[in-house]
>>> print(open('data-v2.txt').read())   # compact mmCIF, C-alpha atoms
# COMPACT_ATOMS: atom_id res chain seq x y z
CA MET A 944 44.77 -0.68 43.32
CA ALA A 945 41.98 -1.88 45.63
CA GLU A 946 40.97 -5.53 45.47
CA PRO A 947 37.72 -6.04 43.49
CA GLU A 948 34.61 -6.91 45.46
CA PRO A 949 34.02 -10.69 45.55
CA LEU A 950 30.91 -12.17 43.99
CA GLU A 951 28.30 -13.68 46.29
CA HIS A 952 29.14 -17.29 45.56
CA GLU A 953 32.89 -16.94 46.09
CA ARG A 954 32.66 -18.40 49.58
CA SER A 955 32.11 -21.81 47.95
CA SER A 956 34.69 -21.38 45.22
CA ILE A 957 37.26 -24.01 44.34
CA ALA A 958 40.73 -23.58 45.78
CA ALA A 959 43.71 -22.89 43.58
CA ARG A 960 46.08 -25.86 43.53
CA PRO A 961 48.81 -27.40 41.39
CA PHE A 962 47.58 -29.42 38.42
CA HIS A 963 48.64 -32.82 37.12
CA ARG A 964 46.92 -32.71 33.71
CA VAL A 965 45.54 -29.62 31.98
CA LEU A 966 44.42 -28.47 28.56
CA LEU A 967 45.83 -25.16 27.34
CA LYS A 968 43.62 -23.28 24.88
CA LEU A 969 45.53 -20.93 22.59
CA SER A 970 43.73 -18.69 20.15
CA GLY A 971 45.21 -18.20 16.72
CA GLU A 972 45.80 -14.58 17.71
CA ALA A 973 48.11 -15.83 20.47
CA LEU A 974 50.53 -16.82 17.71
CA SER A 975 50.29 -13.54 15.81
CA GLY A 976 51.62 -11.44 18.69
CA HIS A 977 51.15 -7.76 17.84
CA ARG A 978 50.55 -8.44 14.15
CA ASP A 979 47.11 -8.09 12.66
CA TYR A 980 47.28 -11.59 11.16
CA GLY A 981 49.69 -14.43 10.45
CA ILE A 982 52.40 -15.81 12.73
CA ASP A 983 54.93 -13.84 14.76
CA GLN A 984 57.73 -16.41 15.02
CA GLU A 985 59.51 -14.57 17.82
CA HIS A 986 56.31 -14.61 19.86
CA VAL A 987 55.81 -18.32 19.15
CA GLU A 988 59.36 -19.09 20.27
CA ALA A 989 58.86 -17.34 23.61
CA LEU A 990 55.55 -19.09 24.13
CA ALA A 991 57.08 -22.47 23.31
CA THR A 992 59.91 -21.89 25.79
CA GLU A 993 57.42 -21.39 28.62
CA ILE A 994 55.18 -24.31 27.62
CA ALA A 995 58.15 -26.67 27.31
CA GLY A 996 59.41 -25.50 30.70
CA VAL A 997 56.05 -26.16 32.37
CA HIS A 998 55.83 -29.56 30.74
CA GLY A 999 59.40 -30.38 31.78
CA GLU A 1000 58.39 -29.84 35.41
CA GLY A 1001 56.01 -32.80 35.21
CA THR A 1002 52.63 -31.43 34.12
CA GLU A 1003 50.75 -33.52 31.56
CA LEU A 1004 49.81 -31.00 28.91
CA ALA A 1005 47.43 -30.96 25.97
CA ILE A 1006 46.92 -27.97 23.70
CA VAL A 1007 44.10 -26.81 21.45
CA VAL A 1008 45.14 -24.16 18.93
CA GLY A 1009 42.67 -21.96 17.09
CA GLY A 1010 43.10 -20.62 13.57
CA GLY A 1011 41.75 -17.08 13.84
CA ASN A 1012 45.07 -15.48 12.90
CA ILE A 1013 44.73 -17.06 9.45
CA MET A 1014 41.03 -17.76 8.89
CA ARG A 1015 37.98 -17.18 11.07
CA GLY A 1016 34.91 -19.03 9.87
CA MET A 1017 32.20 -16.76 11.28
CA GLU A 1018 33.83 -13.61 9.89
CA ALA A 1019 34.26 -15.20 6.46
CA ALA A 1020 30.63 -16.34 6.54
CA ALA A 1021 29.52 -12.82 7.44
CA ALA A 1022 31.39 -11.59 4.37
CA GLY A 1023 29.38 -13.94 2.14
CA MET A 1024 31.29 -17.23 2.23
CA ASP A 1025 29.35 -20.42 2.91
CA ARG A 1026 29.58 -21.02 6.68
CA ALA A 1027 30.46 -24.72 6.48
CA THR A 1028 33.17 -24.04 3.89
CA ALA A 1029 34.54 -21.18 5.98
CA ASP A 1030 34.67 -23.40 9.06
CA TYR A 1031 36.53 -26.13 7.21
CA ALA A 1032 39.05 -23.51 6.07
CA GLY A 1033 39.40 -22.49 9.73
CA MET A 1034 40.13 -26.12 10.64
CA LEU A 1035 42.97 -26.18 8.11
CA ALA A 1036 44.28 -22.94 9.61
CA SER A 1037 44.30 -24.65 13.00
CA VAL A 1038 46.40 -27.47 11.53
CA LEU A 1039 48.93 -24.94 10.21
CA ASN A 1040 49.17 -23.30 13.63
CA SER A 1041 49.52 -26.68 15.34
CA LEU A 1042 52.48 -27.56 13.13
CA THR A 1043 54.09 -24.24 14.01
CA VAL A 1044 53.68 -24.87 17.74
CA GLN A 1045 54.89 -28.46 17.41
CA ASP A 1046 58.07 -27.40 15.63
CA ALA A 1047 58.90 -24.76 18.25
CA LEU A 1048 58.26 -27.17 21.13
CA GLU A 1049 60.32 -30.00 19.66
CA ARG A 1050 63.28 -27.70 19.10
CA ARG A 1051 63.20 -27.25 22.87
CA GLY A 1052 63.37 -30.96 23.52
CA ALA A 1053 59.66 -31.64 24.15
CA GLN A 1054 58.13 -34.73 22.59
CA THR A 1055 54.84 -33.91 20.88
CA ARG A 1056 52.05 -35.46 18.87
CA ILE A 1057 49.46 -33.68 16.76
CA GLN A 1058 46.07 -35.32 16.59
CA SER A 1059 43.73 -33.89 13.98
CA ALA A 1060 39.94 -34.13 13.86
CA ILE A 1061 40.13 -34.13 10.05
CA ASN A 1062 42.25 -36.47 7.97
CA VAL A 1063 45.71 -35.01 7.27
CA ALA A 1064 47.64 -38.26 7.63
CA GLU A 1065 50.90 -36.90 6.23
CA VAL A 1066 51.34 -34.41 9.06
CA ALA A 1067 49.17 -35.57 11.99
CA GLU A 1068 47.61 -38.60 13.62
CA PRO A 1069 43.84 -38.98 13.56
CA TYR A 1070 42.20 -38.12 16.85
CA ILE A 1071 41.85 -41.26 19.00
CA ARG A 1072 41.03 -40.63 22.63
CA ARG A 1073 42.84 -43.63 24.12
CA ARG A 1074 45.94 -42.91 22.08
CA ALA A 1075 45.88 -39.28 23.21
CA VAL A 1076 45.70 -40.32 26.86
CA ARG A 1077 48.55 -42.78 26.35
CA HIS A 1078 50.71 -40.05 24.80
CA LEU A 1079 50.09 -37.88 27.86
CA GLU A 1080 50.97 -40.74 30.19
CA LYS A 1081 54.22 -41.23 28.27
CA GLY A 1082 55.19 -37.60 28.80
CA ARG A 1083 54.30 -36.21 25.37
CA ILE A 1084 52.51 -32.94 24.69
CA VAL A 1085 49.39 -33.61 22.63
CA ILE A 1086 48.25 -30.87 20.26
CA PHE A 1087 44.63 -31.19 19.13
CA ALA A 1088 44.14 -29.66 15.69
CA ALA A 1089 41.14 -28.92 13.45
CA GLY A 1090 38.63 -28.28 16.23
CA THR A 1091 35.96 -30.94 16.54
CA GLY A 1092 36.15 -31.75 12.84
CA ASN A 1093 32.64 -30.36 12.33
CA PRO A 1094 31.50 -26.99 10.99
CA PHE A 1095 29.42 -24.71 13.23
CA PHE A 1096 31.52 -25.64 16.28
CA THR A 1097 34.37 -23.45 17.52
CA THR A 1098 37.77 -24.43 18.88
CA ASP A 1099 36.41 -23.34 22.29
CA THR A 1100 33.98 -26.23 22.08
CA ALA A 1101 36.80 -28.48 20.91
CA ALA A 1102 38.84 -27.45 23.96
CA ALA A 1103 35.98 -28.30 26.32
CA LEU A 1104 35.29 -31.61 24.60
CA ARG A 1105 38.92 -32.76 24.46
CA ALA A 1106 39.58 -31.66 28.05
CA LEU A 1107 36.72 -33.81 29.25
CA GLU A 1108 37.71 -36.75 27.08
CA ILE A 1109 41.28 -36.86 28.39
CA GLY A 1110 40.31 -36.22 32.00
CA ALA A 1111 41.98 -32.81 32.29
CA GLU A 1112 41.54 -31.08 35.63
CA ALA A 1113 41.05 -27.65 34.08
CA ILE A 1114 41.09 -25.61 30.89
CA LEU A 1115 43.68 -22.83 30.82
CA MET A 1116 42.71 -19.98 28.51
CA ALA A 1117 45.63 -17.68 27.79
CA LYS A 1118 44.26 -14.41 26.39
CA ASN A 1119 45.88 -11.65 24.37
CA GLU A 1120 45.74 -8.14 25.84
CA VAL A 1121 43.35 -8.96 28.70
CA ASP A 1122 44.17 -10.25 32.18
CA GLY A 1123 40.93 -12.10 32.88
CA VAL A 1124 37.18 -11.67 32.61
CA TYR A 1125 35.48 -8.28 32.92
CA ASP A 1126 31.81 -7.33 33.09
CA GLY A 1127 32.36 -5.26 29.96
CA ASP A 1128 35.00 -4.63 27.32
CA PRO A 1129 37.92 -2.95 29.15
CA ASN A 1130 39.26 -1.67 25.83
CA VAL A 1131 36.04 0.31 25.32
CA ASP A 1132 34.60 0.83 28.79
CA PRO A 1133 37.05 2.26 31.36
CA GLU A 1134 34.49 1.42 34.08
CA ALA A 1135 34.48 -2.30 33.22
CA ARG A 1136 35.00 -4.29 36.42
CA PHE A 1137 37.43 -7.20 36.70
CA LEU A 1138 35.77 -10.40 37.89
CA PRO A 1139 38.15 -12.64 39.86
CA GLU A 1140 35.67 -15.49 39.95
CA LEU A 1141 32.26 -16.45 38.61
CA THR A 1142 30.23 -19.51 37.67
CA HIS A 1143 29.74 -20.93 34.19
CA LEU A 1144 26.05 -20.00 34.40
CA GLU A 1145 26.86 -16.40 35.30
CA ALA A 1146 29.17 -16.18 32.29
CA ILE A 1147 26.40 -17.52 30.04
CA GLU A 1148 23.59 -15.38 31.47
CA ARG A 1149 25.66 -12.20 31.37
CA GLY A 1150 26.88 -12.85 27.84
CA LEU A 1151 30.53 -12.51 28.83
CA LYS A 1152 32.94 -13.17 25.95
CA VAL A 1153 34.90 -15.97 27.58
CA MET A 1154 34.00 -19.00 25.49
CA ASP A 1155 31.03 -19.70 23.27
CA THR A 1156 27.83 -20.84 24.98
CA THR A 1157 28.16 -24.44 23.83
CA ALA A 1158 31.61 -24.75 25.40
CA LEU A 1159 30.55 -23.05 28.64
CA SER A 1160 27.50 -25.31 28.94
CA LEU A 1161 29.64 -28.40 28.42
CA CYS A 1162 32.06 -27.28 31.13
CA MET A 1163 29.20 -26.37 33.48
CA ASP A 1164 27.46 -29.72 33.10
CA ASN A 1165 30.70 -31.56 33.88
CA HIS A 1166 32.08 -29.22 36.58
CA LEU A 1167 35.21 -28.44 34.56
CA PRO A 1168 36.87 -25.20 35.76
CA ILE A 1169 38.25 -22.63 33.32
CA TYR A 1170 41.18 -20.37 34.21
CA VAL A 1171 41.31 -17.18 32.12
CA PHE A 1172 44.50 -15.12 32.30
CA ALA A 1173 46.80 -12.89 30.29
CA LEU A 1174 49.23 -14.49 27.88
CA GLN A 1175 52.26 -13.00 29.61
CA GLU A 1176 55.60 -14.49 30.52
CA GLY A 1177 55.35 -16.80 33.52
CA ASN A 1178 51.55 -16.89 33.79
CA ILE A 1179 51.09 -20.43 32.49
CA ARG A 1180 53.59 -21.71 35.04
CA ARG A 1181 51.91 -19.71 37.81
CA VAL A 1182 48.46 -21.08 37.07
CA VAL A 1183 49.68 -24.67 36.72
CA GLY A 1184 51.55 -24.25 40.00
CA GLY A 1185 48.40 -23.22 41.84
CA GLU A 1186 48.72 -19.42 42.00
CA ARG A 1187 45.58 -17.33 41.67
CA VAL A 1188 46.03 -15.53 38.37
CA GLY A 1189 43.25 -13.97 36.33
CA THR A 1190 39.69 -15.28 36.57
CA ILE A 1191 38.42 -18.70 37.67
CA ILE A 1192 35.12 -19.92 36.19
CA SER A 1193 33.69 -22.89 38.05
CA THR A 1194 30.49 -24.58 39.13
CA PRO A 1195 30.57 -26.00 42.66
CA GLU A 1196 29.40 -29.60 42.74
CA THR A 1197 26.20 -30.30 44.63
CA GLY A 1198 26.97 -31.07 48.23
CA ALA A 1199 30.43 -29.42 48.14
CA SER A 1200 31.43 -27.90 51.44
CA PRO A 1201 31.36 -24.06 51.56
>>> encode(input="data-v2.txt", output="structure tokens")
Amino acid sequence: MAEPEPLEHERSSIAARPFHRVLLKLSGEALSGHRDYGIDQEHVEALATEIAGVHGEGTELAIVVGGGNIMRGMEAAAAGMDRATADYAGMLASVLNSLTVQDALERRGAQTRIQSAINVAEVAEPYIRRRAVRHLEKGRIVIFAAGTGNPFFTTDTAAALRALEIGAEAILMAKNEVDGVYDGDPNVDPEARFLPELTHLEAIERGLKVMDTTALSLCMDNHLPIYVFALQEGNIRRVVGGERVGTIISTPETGASP
């Protein structure tokens, strides 16, 4: 297959490199595997094996887990449920998924902590930024649950916010059934073109379904790159190790050399 044509700004793109601290964004659907909803435990086990392996190689790793495999606030609201109530239900779904991921990781020897944006003291710590950073420094995987703790904000926004708060070098977005960003829906449009690299602003202006606009704007304003790639065996390790996999979304800082 021929290499896709580069975008105009790619000459000033950031270089792929190994990472010291990253935030991995997992959608709820990443835990459901090929099921329509719920949790595919076999899929979770395989995912946990790779994440634990990457962490064991020295990468400081935080995770944000969505809840869309159990409850998606916007869809429930569209069906007639109050939006705020639906979003709070989605936060609880995120907590359930976080517990599932924590259990699988700890059975592989990884030390983890869940920090929740809503109060569930029996199963998770409250979110405290300094404590989260200290956990990372001590070699623990930190799982951020319940989004931002506020309705009308997605777990994409939570991922951007937490990544910035902990000083992550990048957000890694592992996607189901897609190997990066396209200029259309590849499942519908066979002519959709793969985009190896673009800016946050391009993603916003073109309405590309990468993250919600709030999250993209937050990343753009703070020059936080986003790596979008397929949730396939070995890809997380490849991206963390500096390989060019999937799509890189970045905004070159003013004055950066071309």
>>> residues_around(input="data-v2.txt", residues="Ala1029 (chain A)", least_positions_apart="2", cutoff="12 Å", atoms="all atoms listed in the file", output="number ranges by chain")
A: 1010-1011, 1013-1027, 1031-1036, 1093-1097
>>> closest_atom_pairs(input="data-v2.txt", of="region 983-1051 of chain A", to="region 1069-1087 of chain A", cutoff="10 Å", atoms="all atoms listed in the file", output="Markdown table")
| residue | atom | partner | partner_atom | distance |
| --- | --- | --- | --- | --- |
| A:Ile994 | CA | A:Ile1084 | CA | 9.5 |
| A:Ala995 | CA | A:Ile1084 | CA | 8.8 |
| A:His998 | CA | A:Ile1084 | CA | 7.7 |
| A:Gly999 | CA | A:Gly1082 | CA | 8.9 |
| A:Gly1001 | CA | A:Gly1082 | CA | 8.0 |
| A:Thr1002 | CA | A:Gly1082 | CA | 8.5 |
| A:Glu1003 | CA | A:Leu1079 | CA | 5.8 |
| A:Leu1004 | CA | A:Ile1084 | CA | 5.4 |
| A:Ala1005 | CA | A:Val1085 | CA | 4.7 |
| A:Ile1006 | CA | A:Ile1086 | CA | 4.7 |
| A:Val1007 | CA | A:Phe1087 | CA | 5.0 |
| A:Val1008 | CA | A:Phe1087 | CA | 7.1 |
| A:Gly1009 | CA | A:Phe1087 | CA | 9.7 |
| A:Ser1037 | CA | A:Phe1087 | CA | 9.0 |
| A:Val1038 | CA | A:Phe1087 | CA | 8.6 |
| A:Ser1041 | CA | A:Ile1086 | CA | 6.6 |
| A:Leu1042 | CA | A:Ile1086 | CA | 8.9 |
| A:Val1044 | CA | A:Ile1086 | CA | 8.5 |
| A:Gln1045 | CA | A:Ile1086 | CA | 7.6 |
| A:Leu1048 | CA | A:Ile1084 | CA | 8.9 |
| A:Glu1049 | CA | A:Ile1084 | CA | 9.7 |
>>> residues_around(input="data-v2.txt", residues="Asp1164 (chain A)", least_positions_apart="5", cutoff="10 Å", atoms="all atoms listed in the file", output="number ranges by chain")
A: 1143-1144, 1159, 1194, 1196
>>> atom_distance(input="data-v2.txt", atom1="CA of Tyr1125 (chain A)", atom2="CA of Pro1168 (chain A)")
17.2 Å
>>> closest_residue(input="data-v2.txt", among="A:Val965, A:Val1131, A:Tyr1170, A:Leu990", to="Ile1109 (chain A)", atoms="all atoms listed in the file")
A:Val965
>>> closest_residue(input="data-v2.txt", among="A:Glu988, A:Asp979, A:Asp1122, A:Asp1099", to="Val1188 (chain A)", atoms="only C-alpha atoms")
A:Asp1122
>>> closest_residue(input="data-v2.txt", among="A:Thr1098, A:Asn1178, A:Thr1190, A:Ser1160", to="Leu1141 (chain A)", atoms="only C-alpha atoms")
A:Thr1190
>>> atom_distance(input="data-v2.txt", atom1="CA of Glu1140 (chain A)", atom2="CA of Ile1191 (chain A)")
4.8 Å
>>> atom_distance(input="data-v2.txt", atom1="CA of Arg1149 (chain A)", atom2="CA of Ala1103 (chain A)")
19.8 Å
>>> residues_around(input="data-v2.txt", residues="Leu1115 (chain A)", least_positions_apart="4", cutoff="8 Å", atoms="all atoms listed in the file", output="PyMOL selection string")
chain A and resi 965-968+1169-1172+1179
>>> closest_residue(input="data-v2.txt", among="A:Glu1145, A:Asp1155, A:Glu985, A:Glu993", to="Glu1176 (chain A)", atoms="all atoms listed in the file")
A:Glu993
>>> closest_residue(input="data-v2.txt", among="A:Gly1150, A:Gly1092, A:Gly1189, A:Pro1139", to="Met1116 (chain A)", atoms="only C-alpha atoms")
A:Gly1189
>>> closest_residue(input="data-v2.txt", among="A:Ala1088, A:Ala1060, A:Val1183, A:Cys1162", to="Arg964 (chain A)", atoms="all atoms listed in the file")
A:Val1183
>>> residues_around(input="data-v2.txt", residues="Val987 (chain A)", least_positions_apart="3", cutoff="8 Å", atoms="only C-alpha atoms", output="list in words")
Leu974, Ile982, Asp983, Gln984, Leu990, Ala991, Val1044 and Ala1047 of chain A
>>> axis_aligned_box(input="data-v2.txt", around="region 1044-1061 of chain A", padding_each_side="8 Å", output="lines of an AutoDock Vina configuration file")
center_x = 51.7
center_y = -30.1
center_z = 17.1
size_x = 39.4
size_y = 26.7
size_z = 30.1
